[in-house]
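work-v8.cif follows (mmCIF, C-alpha atoms):
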```cif
data_final
#
loop_
_atom_site.label_atom_id
_atom_site.label_comp_id
_atom_site.auth_asym_id
_atom_site.auth_seq_id
_atom_site.Cartn_x
_atom_site.Cartn_y
_atom_site.Cartn_z
CA MET A 1 46.00 -96.27 68.19
CA ALA A 2 45.33 -93.26 70.41
CA ARG A 3 42.04 -92.60 68.62
CA PHE A 4 41.02 -96.23 69.10
CA LEU A 5 41.77 -96.08 72.82
CA CYS A 6 39.85 -92.80 73.22
CA ARG A 7 36.85 -94.22 71.37
CA PHE A 8 37.02 -97.45 73.39
CA ALA A 9 37.13 -95.49 76.66
CA ALA A 10 34.14 -93.39 75.55
CA VAL A 11 32.14 -96.53 74.73
CA ARG A 12 32.98 -98.07 78.12
CA VAL A 13 31.96 -94.87 79.93
CA LYS A 14 28.61 -94.89 78.10
CA GLU A 15 28.09 -98.58 78.95
CA ILE A 16 28.90 -97.96 82.61
CA ALA A 17 26.77 -94.82 82.74
CA HIS A 18 23.72 -96.82 81.59
CA MET A 19 24.14 -99.73 84.03
CA PRO A 20 21.47 -99.88 86.76
CA LEU A 21 23.07 -99.57 90.18
CA PRO A 22 21.13 -99.95 93.43
CA GLY A 23 21.86 -97.08 95.83
CA LYS A 24 24.27 -95.23 93.51
CA THR A 25 23.77 -92.78 90.72
CA ARG A 26 25.28 -93.70 87.38
CA LEU A 27 27.13 -90.37 87.21
CA SER A 28 28.82 -90.97 90.57
CA LEU A 29 30.25 -94.30 89.34
CA VAL A 30 31.65 -92.75 86.18
CA ARG A 31 33.00 -89.82 88.17
CA GLN A 32 34.74 -92.14 90.67
CA MET A 33 36.40 -94.08 87.86
CA PHE A 34 37.80 -91.10 85.99
CA THR A 35 38.94 -88.63 88.65
CA ASN A 36 41.83 -88.76 91.02
CA SER A 37 40.99 -88.25 94.68
CA GLY A 38 41.74 -84.74 95.83
CA LEU A 39 41.26 -83.23 92.36
CA ARG A 40 38.17 -81.17 91.76
CA SER A 41 35.96 -81.42 88.71
CA LEU A 42 36.32 -78.88 85.91
CA THR A 43 32.64 -78.09 86.38
CA ARG A 44 31.65 -75.50 88.94
CA TYR A 45 28.71 -77.26 90.54
CA ASP A 46 27.84 -80.39 92.45
CA GLU A 47 26.08 -82.90 90.17
CA THR A 48 23.71 -83.94 92.97
CA VAL A 49 21.97 -80.55 92.97
CA VAL A 50 21.56 -80.28 89.20
CA THR A 51 17.91 -80.89 88.46
CA THR A 52 17.55 -79.91 84.81
CA ASP A 53 16.42 -82.84 82.70
CA TRP A 54 18.27 -81.94 79.53
CA GLN A 55 16.78 -84.83 77.55
CA LYS A 56 13.30 -83.39 78.09
CA LYS A 57 14.34 -79.80 77.39
CA LEU A 58 16.42 -80.39 74.24
CA THR A 59 15.93 -82.18 70.92
CA PRO A 60 17.93 -85.42 70.56
CA GLU A 61 20.51 -83.66 68.34
CA GLN A 62 20.85 -80.72 70.74
CA TYR A 63 21.29 -83.14 73.65
CA VAL A 64 24.03 -85.15 71.92
CA VAL A 65 25.92 -82.01 70.88
CA THR A 66 25.65 -79.99 74.10
CA ARG A 67 25.55 -82.60 76.86
CA GLU A 68 27.51 -85.49 75.28
CA LYS A 69 30.06 -83.35 73.37
CA GLY A 70 28.90 -84.48 69.96
CA THR A 71 29.09 -82.56 66.72
CA GLU A 72 26.68 -82.01 63.88
CA LEU A 73 27.57 -83.01 60.34
CA PRO A 74 29.49 -80.33 58.44
CA PHE A 75 27.41 -78.06 56.20
CA SER A 76 24.17 -79.24 57.88
CA GLY A 77 23.56 -76.64 60.61
CA ILE A 78 20.75 -74.10 60.32
CA TYR A 79 23.02 -71.17 61.21
CA LEU A 80 25.85 -71.96 58.77
CA ASN A 81 24.69 -69.47 56.11
CA HIS A 82 22.54 -67.35 58.43
CA SER A 83 23.29 -63.63 58.04
CA GLU A 84 20.54 -61.77 59.91
CA PRO A 85 21.79 -59.19 62.47
CA GLY A 86 21.38 -60.26 66.08
CA MET A 87 22.79 -62.43 68.86
CA TYR A 88 23.46 -66.16 69.10
CA HIS A 89 22.56 -67.65 72.51
CA CYS A 90 23.17 -70.98 74.26
CA VAL A 91 20.34 -73.37 73.39
CA CYS A 92 20.39 -74.79 76.95
CA CYS A 93 20.37 -71.69 79.17
CA ASP A 94 19.89 -68.71 76.80
CA THR A 95 23.24 -67.06 77.69
CA PRO A 96 24.33 -64.60 74.95
CA LEU A 97 27.44 -66.02 73.27
CA PHE A 98 28.26 -64.56 69.85
CA SER A 99 27.20 -61.49 67.91
CA SER A 100 26.31 -61.77 64.23
CA GLU A 101 28.85 -58.96 63.68
CA ALA A 102 31.67 -61.42 64.56
CA LYS A 103 30.32 -64.18 62.28
CA TYR A 104 32.12 -65.02 59.05
CA ASN A 105 32.25 -67.78 56.45
CA SER A 106 35.27 -69.96 57.23
CA GLY A 107 34.38 -72.64 54.68
CA THR A 108 34.70 -75.35 57.34
CA GLY A 109 31.03 -76.37 57.46
CA TRP A 110 30.14 -74.89 60.85
CA PRO A 111 29.11 -71.37 61.87
CA SER A 112 32.33 -69.48 62.63
CA PHE A 113 33.00 -66.41 64.74
CA TYR A 114 36.25 -64.50 65.30
CA GLU A 115 35.39 -63.57 68.91
CA ALA A 116 32.82 -64.16 71.65
CA GLN A 117 30.38 -61.43 72.68
CA GLY A 118 31.96 -59.28 75.42
CA THR A 119 35.58 -59.94 74.44
CA LYS A 120 37.95 -57.04 75.08
CA GLY A 121 41.22 -57.71 73.24
CA ARG A 122 42.19 -61.19 74.46
CA ASP A 123 40.20 -60.85 77.71
CA GLU A 124 37.18 -63.20 77.70
CA SER A 125 36.27 -62.75 81.38
CA ASN A 126 33.06 -60.89 80.46
CA THR A 127 31.90 -63.40 77.86
CA GLY A 128 29.46 -66.30 78.05
CA ILE A 129 32.10 -68.88 77.10
CA LEU A 130 34.96 -70.78 78.69
CA ARG A 131 37.82 -72.63 77.05
CA ARG A 132 38.77 -76.12 78.13
CA PRO A 133 41.63 -78.34 76.91
CA ASP A 134 40.31 -81.22 74.80
CA ASN A 135 42.35 -84.32 74.03
CA SER A 136 39.40 -86.52 73.05
CA LEU A 137 40.46 -87.11 69.44
CA GLY A 138 44.06 -88.05 70.18
CA CYS A 139 45.39 -84.55 69.59
CA THR A 140 45.36 -81.38 71.65
CA GLY A 141 42.54 -78.94 70.98
CA THR A 142 40.50 -76.33 72.80
CA GLU A 143 36.83 -76.96 73.54
CA VAL A 144 34.42 -74.03 73.91
CA ILE A 145 31.73 -74.43 76.56
CA CYS A 146 28.96 -72.22 77.94
CA ARG A 147 30.10 -70.41 81.09
CA THR A 148 26.63 -70.73 82.66
CA CYS A 149 25.60 -74.35 82.04
CA ASP A 150 28.76 -76.11 80.74
CA ALA A 151 27.12 -76.97 77.40
CA HIS A 152 29.57 -78.09 74.73
CA LEU A 153 29.44 -75.50 71.94
CA GLY A 154 32.33 -76.42 69.66
CA HIS A 155 36.05 -75.69 69.40
CA VAL A 156 38.35 -72.72 68.87
CA PHE A 157 41.35 -72.64 66.55
CA GLU A 158 44.15 -70.14 66.01
CA ASP A 159 43.64 -69.79 62.25
CA GLY A 160 40.91 -67.18 62.08
CA PRO A 161 40.79 -63.70 60.56
CA GLU A 162 41.96 -60.44 62.08
CA PRO A 163 41.50 -58.79 64.51
CA SER A 164 41.61 -61.84 66.81
CA GLY A 165 43.20 -64.50 64.60
CA GLN A 166 40.79 -67.03 66.14
CA ARG A 167 38.12 -69.25 64.61
CA PHE A 168 35.32 -70.32 66.94
CA CYS A 169 33.77 -73.30 65.12
CA ILE A 170 30.36 -73.66 66.83
CA ASN A 171 27.62 -76.24 66.31
CA SER A 172 24.29 -74.76 65.14
CA ALA A 173 22.55 -77.30 67.40
CA ALA A 174 24.12 -75.56 70.42
CA LEU A 175 22.72 -72.15 69.47
CA THR A 176 19.48 -70.19 69.28
CA PHE A 177 19.27 -66.86 67.49
CA LYS A 178 17.60 -63.64 68.54
CA ALA A 179 17.29 -60.94 65.91
CA SER A 180 18.26 -57.41 66.87
CA SER A 181 15.37 -54.99 67.21
CA LYS A 182 16.79 -52.29 64.93
#
```
Could the structure of this file be written out as structure tokens, please?
Amino acid sequence: MARFLCRFAAVRVKEIAHMPLPGKTRLSLVRQMFTNSGLRSLTRYDETVVTTDWQKKLTPEQYVVTREKGTELPFSGIYLNHSEPGMYHCVCCDTPLFSSEAKYNSGTGWPSFYEAQGTKGRDESNTGILRRPDNSLGCTGTEVICRTCDAHLGHVFEDGPEPSGQRFCINSAALTFKASSK
């Protein structure tokens, strides 16, 4: 039942977000409906000053994954079996996110990493990622987003290998790769 209600709410938000409104932006209507007054957004910027047209910059799949919190089909991403040395960056803003040295085969169908680039122990303050609670599927999870542009990257789980014990399950559509120049 919880999944049904979450899906229904997501459909209603999309319907509302696409309704033409004279004198109001679609985003402001959705924002007014789903925030309590006095509480600030989890994002760190004011939507009225954001000018990037993500639909023009990204492919349709990249847009759905990064801006609408979608996911690619398992075992379909271009970086799933990619093993070249280098750095994985955010497809939206080019922020370095994960090193190929931290990549491993988790068998889950998505590129997996045991830590973000710049992690020192459990300290992720110098990384390009942020964690955000995610209850969208009716259960508690942890979403991974880009620290710079708030792009949805994937999720993190506590069942990964040592040394971190974490599994960052990241969508290939949210990444670009830059080979190291060794």
Review point. Can you list what the PyMOL selection byres ((chain A and resi 164) around 12) grabs from this structure, as a list in words?
Key: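 What the PyMOL selection byres ((chain A and resi 164) around 12) grabs from the file is Ala102, Phe113, Tyr114, Glu115, Ala116, Thr119, Lys120, Gly121, Arg122, Asp123, Glu124, Val156, Phe157, Glu158, Asp159, Gly160, Pro161, Glu162, Pro163, Gly165, Gln166, Arg167 and Phe168 of chain A.
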Residues as selected, C-alpha atoms, written as an mmCIF file, in the coordinates of the input, can you do that?
```
data_model
loop_
_atom_site.group_PDB
_atom_site.id
_atom_site.type_symbol
_atom_site.label_atom_id
_atom_site.label_comp_id
_atom_site.auth_asym_id
_atom_site.auth_seq_id
_atom_site.Cartn_x
_atom_site.Cartn_y
_atom_site.Cartn_z
ATOM 1 C CA ALA A 102 31.670 -61.420 64.560
ATOM 2 C CA PHE A 113 33.000 -66.410 64.740
ATOM 3 C CA TYR A 114 36.250 -64.500 65.300
ATOM 4 C CA GLU A 115 35.390 -63.570 68.910
ATOM 5 C CA ALA A 116 32.820 -64.160 71.650
ATOM 6 C CA THR A 119 35.580 -59.940 74.440
ATOM 7 C CA LYS A 120 37.950 -57.040 75.080
ATOM 8 C CA GLY A 121 41.220 -57.710 73.240
ATOM 9 C CA ARG A 122 42.190 -61.190 74.460
ATOM 10 C CA ASP A 123 40.200 -60.850 77.710
ATOM 11 C CA GLU A 124 37.180 -63.200 77.700
ATOM 12 C CA VAL A 156 38.350 -72.720 68.870
ATOM 13 C CA PHE A 157 41.350 -72.640 66.550
ATOM 14 C CA GLU A 158 44.150 -70.140 66.010
ATOM 15 C CA ASP A 159 43.640 -69.790 62.250
ATOM 16 C CA GLY A 160 40.910 -67.180 62.080
ATOM 17 C CA PRO A 161 40.790 -63.700 60.560
ATOM 18 C CA GLU A 162 41.960 -60.440 62.080
ATOM 19 C CA PRO A 163 41.500 -58.790 64.510
ATOM 20 C CA GLY A 165 43.200 -64.500 64.600
ATOM 21 C CA GLN A 166 40.790 -67.030 66.140
ATOM 22 C CA ARG A 167 38.120 -69.250 64.610
ATOM 23 C CA PHE A 168 35.320 -70.320 66.940
#
```
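The residues returned by the PyMOL selection byres ((chain A and resi 96) around 10) for this structure are A:Met87, A:Tyr88, A:His89, A:Cys90, A:Val91, A:Cys93, A:Asp94, A:Thr95, A:Leu97, A:Phe98, A:Ser99, A:Ala116, A:Gln117, A:Gly118, A:Thr127, A:Gly128, A:Ile129, A:Cys146, A:Leu175, A:Thr176, A:Phe177, A:Lys178.
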Point to revise | Which of A:Gly138, A:Thr71, A:Asn105, A:Lys56 sits closest to His155 in chain A [using all atoms listed in the file] | key: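 The shortest atom-to-atom distance to His155 in chain A comes from A:Thr71.
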Practice item. For the file shown, report as JSON, numbers by chain the outcome of the PyMOL selection byres ((chain A and resi 132) around 8) at residue level. Key: {"A": [130, 131, 133, 134, 142, 143, 144, 145]}
Check your understanding: What is the distance, in Å and to one decimal place, between CA of Glu101 in chain A and CA of Glu72 in chain A?
Key ->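 Taking CA of Glu101 in chain A as the start and CA of Glu72 in chain A as the end point, the length is 23.2 Å.
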**Study point:** Gap from CA of Gly107 in chain A to CA of Asn171 in chain A - Å, one decimal
**Key:** 13.9 Å
Exercise for review: For Glu61 in chain A, list every protein, DNA or RNA residue within 7 Å, evaluated using only C-alpha atoms, and leave out those in the same chain fewer than 3 positions away; present the list as a list of chain:residue names.
Suggested key: A:Val64, A:Val65, A:Ala173
Practice item. Can you work out which one of A:Gln62, A:Thr148, A:Ser76, A:Ser83 has the shortest atom-to-atom distance to Trp110 in chain A, counting only C-alpha atoms? Key: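 Selected residue with least distance to Trp110 in chain A: A:Ser76.
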Can I get range 97-132 of chain A with N, CA and C atoms filled in, as a short mmCIF file (atom, residue, chain, number, x, y, z; two decimals), in the coordinates of the input?
```
data_model
loop_
_atom_site.label_atom_id
_atom_site.label_comp_id
_atom_site.auth_asym_id
_atom_site.auth_seq_id
_atom_site.Cartn_x
_atom_site.Cartn_y
_atom_site.Cartn_z
N LEU A 97 26.10 -65.49 73.53
CA LEU A 97 27.44 -66.02 73.27
C LEU A 97 28.20 -65.28 72.17
N PHE A 98 27.58 -65.13 71.00
CA PHE A 98 28.26 -64.56 69.85
C PHE A 98 27.35 -63.58 69.13
N SER A 99 27.92 -62.48 68.69
CA SER A 99 27.20 -61.49 67.91
C SER A 99 27.30 -61.85 66.42
N SER A 100 26.26 -61.53 65.68
CA SER A 100 26.31 -61.77 64.23
C SER A 100 27.38 -60.91 63.58
N GLU A 101 27.79 -59.82 64.22
CA GLU A 101 28.85 -58.96 63.68
C GLU A 101 30.21 -59.67 63.64
N ALA A 102 30.40 -60.67 64.51
CA ALA A 102 31.67 -61.42 64.56
C ALA A 102 31.61 -62.71 63.75
N LYS A 103 30.50 -62.95 63.06
CA LYS A 103 30.32 -64.18 62.28
C LYS A 103 30.94 -63.99 60.89
N TYR A 104 31.55 -65.05 60.39
CA TYR A 104 32.12 -65.02 59.05
C TYR A 104 32.07 -66.41 58.44
N ASN A 105 32.27 -66.50 57.15
CA ASN A 105 32.25 -67.78 56.45
C ASN A 105 33.67 -68.34 56.39
N SER A 106 33.93 -69.36 57.19
CA SER A 106 35.27 -69.96 57.23
C SER A 106 35.43 -71.07 56.20
N GLY A 107 34.32 -71.54 55.64
CA GLY A 107 34.38 -72.64 54.68
C GLY A 107 34.57 -74.00 55.31
N THR A 108 34.47 -74.09 56.65
CA THR A 108 34.70 -75.35 57.34
C THR A 108 33.45 -76.20 57.50
N GLY A 109 32.27 -75.61 57.33
CA GLY A 109 31.03 -76.37 57.46
C GLY A 109 30.27 -76.10 58.74
N TRP A 110 30.81 -75.26 59.61
CA TRP A 110 30.14 -74.89 60.85
C TRP A 110 30.11 -73.37 60.96
N PRO A 111 29.11 -72.81 61.65
CA PRO A 111 29.11 -71.37 61.87
C PRO A 111 30.42 -70.97 62.57
N SER A 112 31.04 -69.91 62.09
CA SER A 112 32.33 -69.48 62.63
C SER A 112 32.27 -68.02 63.07
N PHE A 113 32.94 -67.75 64.16
CA PHE A 113 33.00 -66.41 64.74
C PHE A 113 34.45 -66.11 65.07
N TYR A 114 34.86 -64.84 64.97
CA TYR A 114 36.25 -64.50 65.30
C TYR A 114 36.41 -64.07 66.75
N GLU A 115 35.30 -63.84 67.48
CA GLU A 115 35.39 -63.57 68.91
C GLU A 115 34.02 -63.77 69.57
N ALA A 116 34.05 -64.01 70.87
CA ALA A 116 32.82 -64.16 71.65
C ALA A 116 32.30 -62.78 72.04
N GLN A 117 31.00 -62.68 72.24
CA GLN A 117 30.38 -61.43 72.68
C GLN A 117 30.96 -61.03 74.04
N GLY A 118 31.40 -59.78 74.16
CA GLY A 118 31.96 -59.28 75.42
C GLY A 118 33.47 -59.35 75.50
N THR A 119 34.12 -59.86 74.46
CA THR A 119 35.58 -59.94 74.44
C THR A 119 36.18 -58.55 74.34
N LYS A 120 37.20 -58.30 75.14
CA LYS A 120 37.95 -57.04 75.08
C LYS A 120 39.41 -57.40 74.84
N GLY A 121 39.86 -57.26 73.59
CA GLY A 121 41.22 -57.71 73.24
C GLY A 121 41.28 -59.22 73.33
N ARG A 122 42.12 -59.75 74.22
CA ARG A 122 42.19 -61.19 74.46
C ARG A 122 41.51 -61.57 75.78
N ASP A 123 40.87 -60.61 76.43
CA ASP A 123 40.20 -60.85 77.71
C ASP A 123 38.77 -61.34 77.47
N GLU A 124 38.51 -62.60 77.86
CA GLU A 124 37.18 -63.20 77.70
C GLU A 124 36.45 -63.34 79.03
N SER A 125 36.88 -62.60 80.06
CA SER A 125 36.27 -62.75 81.38
C SER A 125 34.84 -62.25 81.43
N ASN A 126 34.43 -61.40 80.49
CA ASN A 126 33.06 -60.89 80.46
C ASN A 126 32.22 -61.54 79.37
N THR A 127 32.63 -62.70 78.91
CA THR A 127 31.90 -63.40 77.86
C THR A 127 31.07 -64.53 78.46
N GLY A 128 30.28 -65.17 77.62
CA GLY A 128 29.46 -66.30 78.05
C GLY A 128 30.12 -67.64 77.80
N ILE A 129 31.41 -67.63 77.43
CA ILE A 129 32.10 -68.88 77.10
C ILE A 129 33.29 -69.12 78.03
N LEU A 130 33.71 -70.37 78.05
CA LEU A 130 34.96 -70.78 78.69
C LEU A 130 35.69 -71.68 77.72
N ARG A 131 37.00 -71.71 77.83
CA ARG A 131 37.82 -72.63 77.05
C ARG A 131 38.26 -73.77 77.95
N ARG A 132 38.34 -74.95 77.37
CA ARG A 132 38.77 -76.12 78.13
C ARG A 132 39.65 -76.98 77.22
#
```
